[in-house]
Amino acid sequence: MSKITSYSKASNSKLTVKKKKKLGLYFSPEKSAFFYLLPLVLFMLIMVAYPIGRIMYISMTNNIMTRPDLGVQFIGLENYITLFSSVEFWQTTARTGIWTGLSVLGKTAAALGIALLLAKDIAFKKLYTILLMIPWVTPMVVAAVTWRWIFDGQFGMLNYILMQVNILQEPYVFLGHKLSAFIATAITDMWLGIPFLAMMFLAGLQSIPVELHESASMDGANRFQKLTRVTLPMMKPIILVATTMSGIWTFNSFGVIWPMTHGGPVDATQTLIVQAYKLSFGAFDLGMGAAIAVVIFIILTICTLLYKRLLMRQEEL
Amino acid sequence: MTKRWRNLPTHIALWVIFIILLFPIWIMLATSLQTYEGIFNWPPEWFPANPQWGNFSEVWGGDYQFSQPFFNSLIIASSTAIITIVLAFPAAYGISRFSFFGRNSMLFIVLVTQMFSPIVLIVGLYQLAQNYNLLNSLFGVIITNCALTLPMAVWLLHGYLKSVPETLEQAAAIDGCSRIRGVIKIVMPLSASGIAMAGIYAFIMAWNDLLIPLIFISDSHLRPISLALTDFAGQNIVYWQLMMAASVISTFPIAVMFSFVQKYFIRGFMSGAIKE
């Protein structure tokens, strides 16, 4: 009998512990989560909590690895003052925002279009779903390198196609010009992210009750009205959750930008992540690099809080 | 018959979208079979007239020695997957079967960590890794990867374990089976597909990552594929046919794995994304 109660979870087992007042029970694998969580917690303390505490400390020091003669001094918030008063930092932040926004907007629009088409009652649905998965399966660096070849300034396919249809007269170095490099990297990132969003949206569309559409048609709604008045409002929660998630991934994107442009030309594709990498491991200025890493950490935490609120609101529905 | 052709406009729209979406894949495959001269042909050949299967063996064993990064990536990704499961499964079990102080905040920390860019951790880990000689070692890359794959794995397994009925364990307990034995004999077999999904997720993440090896690895013998491809593309003369052959080789293992779990992935999204 006692064995059965020990399984009836949580509050009950806590009560038994209090009654018997045996310390051992707090650690017993039968009755407490301690034993199961210990390895993970220890690992995360070393590999996550420690480095985050460490970047906060490093960001307040003058720590340039290539100049050991200067030593490491504690300088308080000086790095942050330098950072926040530099034009480059604000430019990078704005650029990161625009790049992320552009990519997420493109992905969402394309994915929604594909999902709306696939949600219809059509043949070969399975084949289409498999084809849709292909960009998702492609490793990020492979996608970056392949697109780099397509955008190649001399023999790339895009140059060939655009010259065939007479948009271009001579080959254009897409990754060598600021605006085109910015858009090219965003397109590559969109390409990688479309399948995930399309699958999420498709799942959302299939969960909308058919009765809603039927009653809308009975009330005389046309196709467009059904889309804007029924489908999209019903999809709003899932679109918000999926795009927030995708936005965070896009913000973090390094594997696309680095192999394609290394953040160039003239910083045109330098996002916060690329700048943090360049400062820490290009210039070896760990103090400044850590300051940007802390800024990234704060931005990501705020976004996650937002994401969690959206997720919880959706669950209430 | 009617179903097949009723939605012809939809099919046409889908075909147009998929032709654009799969264009890079076609370029990758077509270029990987070109000759060196064939690449600079104008107009480019859409179907290589004389496919060069030798490109694959050349990139694998020739000057690029792509077999080395391939095996490095294989070691990194499979070790990451194994360590992730060994640490994440018990934790997910603990979270799903017990309630304890700080359980909700723990789930939130897991959610935040899952959103981190590796850069947040690496700047802080770099000097620690330097002190313990973990720079230029696959082990350093593996454990850093684990820190980033663990949260999502815990999240996935936690969701999966909630659906494994507790009554089975209780029945085993009545028969005198200890909880740990019950977990090994009953819960683990029942959640095998969840474990496979979490493992493959960790494998794919580790296979894809560039930032961690870029910072940790400087010895060219220890480069994984992501770093090797980036380095090849940065050279003065890029042999695109070999690059694309290497890209096909890098995509292959992930595509095979994905095709096995594709069904679970879609189902996982369906149930995970929408409350039913």
# chains A, B, ... in the order shown; residues from 1 in each chain; ligands from 1
>>> select_by_dssp(residues="region 38-111 of chain A", states="alpha helix (DSSP H)", output="number ranges by chain")
A: 38-44, 50-58, 78-84, 87-111
>>> residues_around(residues="Thr108 (chain A)", least_positions_apart="4", cutoff="7 Å", atoms="only C-alpha atoms", output="VMD selection string")
chain A and resid 104 112 197
>>> write_last_selection(atoms="N, CA and C atoms", output="PDB file, in the first residue's frame")
ATOM      1  N   VAL A 104      12.169  37.513 -41.362  1.00  0.00           N
ATOM      2  CA  VAL A 104      10.993  36.891 -40.746  1.00  0.00           C
ATOM      3  C   VAL A 104       9.733  37.221 -41.548  1.00  0.00           C
ATOM      4  N   LEU A 112       3.051  31.117 -45.162  1.00  0.00           N
ATOM      5  CA  LEU A 112       1.594  31.199 -45.064  1.00  0.00           C
ATOM      6  C   LEU A 112       0.962  30.854 -46.415  1.00  0.00           C
ATOM      7  N   LEU A 197       8.127  27.072 -40.619  1.00  0.00           N
ATOM      8  CA  LEU A 197       6.947  27.919 -40.444  1.00  0.00           C
ATOM      9  C   LEU A 197       5.757  27.363 -41.228  1.00  0.00           C
TER      10      LEU A 197
END
>>> interface_residues(of="chain B", to="chain A", cutoff="7 Å", atoms="only C-alpha atoms", output="PyMOL selection string")
chain B and resi 3-4+7+10+24+28+40+87-88+90-91+94+97-100+112+115-117+119-121+123-125+147+170+173-174+179+208+210+226+230+247+251+254-255+269-270+273-275
>>> select_by_dssp(residues="region 14-106 of chain A", states="strand (DSSP E)", output="number ranges by chain")
A: 61-62, 73-74
>>> write_last_selection(atoms="N, CA and C atoms", output="mmCIF file, in the first residue's frame")
data_model
loop_
_atom_site.group_PDB
_atom_site.id
_atom_site.type_symbol
_atom_site.label_atom_id
_atom_site.label_comp_id
_atom_site.auth_asym_id
_atom_site.auth_seq_id
_atom_site.Cartn_x
_atom_site.Cartn_y
_atom_site.Cartn_z
ATOM 1 N N THR A 61 35.605 44.498 -17.303
ATOM 2 C CA THR A 61 37.060 44.568 -17.185
ATOM 3 C C THR A 61 37.658 45.042 -18.501
ATOM 4 N N ASN A 62 38.903 45.472 -18.390
ATOM 5 C CA ASN A 62 39.666 45.824 -19.579
ATOM 6 C C ASN A 62 40.513 44.604 -19.902
ATOM 7 N N GLN A 73 42.154 44.819 -15.771
ATOM 8 C CA GLN A 73 41.688 45.673 -14.673
ATOM 9 C C GLN A 73 40.170 45.759 -14.652
ATOM 10 N N PHE A 74 39.647 45.916 -13.441
ATOM 11 C CA PHE A 74 38.209 46.130 -13.299
ATOM 12 C C PHE A 74 37.921 47.596 -13.593
#
>>> closest_residue(among="B:Thr113, B:Pro43, B:Pro69, B:His158", to="Met163 (chain A)", atoms="only C-alpha atoms")
B:Pro43
>>> residues_around(residues="Ser193 (chain B)", least_positions_apart="6", cutoff="10 Å", atoms="only C-alpha atoms", output="ChimeraX atom specification")
/B:157,160,199,261,264
>>> residues_around(residues="Ser78 (chain B)", least_positions_apart="3", cutoff="9 Å", atoms="only C-alpha atoms", output="number ranges by chain")
B: 73-75, 81-83, 199-200, 202-203, 206-207
>>> write_last_selection(atoms="C-alpha atoms", output="PDB file, in the first residue's frame")
ATOM      1  CA  SER B  73      31.486  15.929 -37.455  1.00  0.00           C
ATOM      2  CA  LEU B  74      30.205  12.391 -37.034  1.00  0.00           C
ATOM      3  CA  ILE B  75      32.060  12.072 -33.710  1.00  0.00           C
ATOM      4  CA  ALA B  81      23.327  13.258 -29.092  1.00  0.00           C
ATOM      5  CA  ILE B  82      24.336  10.556 -26.583  1.00  0.00           C
ATOM      6  CA  ILE B  83      25.370  12.952 -23.793  1.00  0.00           C
ATOM      7  CA  GLY B 199      18.725  12.500 -30.058  1.00  0.00           C
ATOM      8  CA  ILE B 200      18.297  13.340 -33.717  1.00  0.00           C
ATOM      9  CA  ALA B 202      20.796  17.157 -30.903  1.00  0.00           C
ATOM     10  CA  PHE B 203      22.649  15.427 -33.756  1.00  0.00           C
ATOM     11  CA  ALA B 206      25.654  19.770 -33.572  1.00  0.00           C
ATOM     12  CA  TRP B 207      26.136  18.881 -37.255  1.00  0.00           C
TER      13      TRP B 207
END
>>> residues_around(residues="Leu156 (chain B)", least_positions_apart="4", cutoff="8 Å", atoms="only C-alpha atoms", output="mmCIF file with C-alpha atoms, in the first residue's frame")
data_model
loop_
_atom_site.group_PDB
_atom_site.id
_atom_site.type_symbol
_atom_site.label_atom_id
_atom_site.label_comp_id
_atom_site.auth_asym_id
_atom_site.auth_seq_id
_atom_site.Cartn_x
_atom_site.Cartn_y
_atom_site.Cartn_z
ATOM 1 C CA MET B 152 15.228 21.658 -26.097
ATOM 2 C CA TYR B 160 6.601 13.095 -24.440
ATOM 3 C CA GLY B 194 10.640 10.490 -28.140
ATOM 4 C CA ALA B 198 15.533 14.299 -29.030
#
>>> closest_residue(among="B:Val110, B:Leu22, B:Ala92, B:Met197", to="Gly159 (chain B)", atoms="only C-alpha atoms")
B:Ala92
>>> atom_distance(atom1="CA of Lys278 (chain A)", atom2="CA of Gly263 (chain A)")
9.2 Å
>>> residues_around(residues="Gln68 (chain B)", least_positions_apart="4", cutoff="8 Å", atoms="only C-alpha atoms", output="PyMOL selection string")
chain B and resi 72+221-224
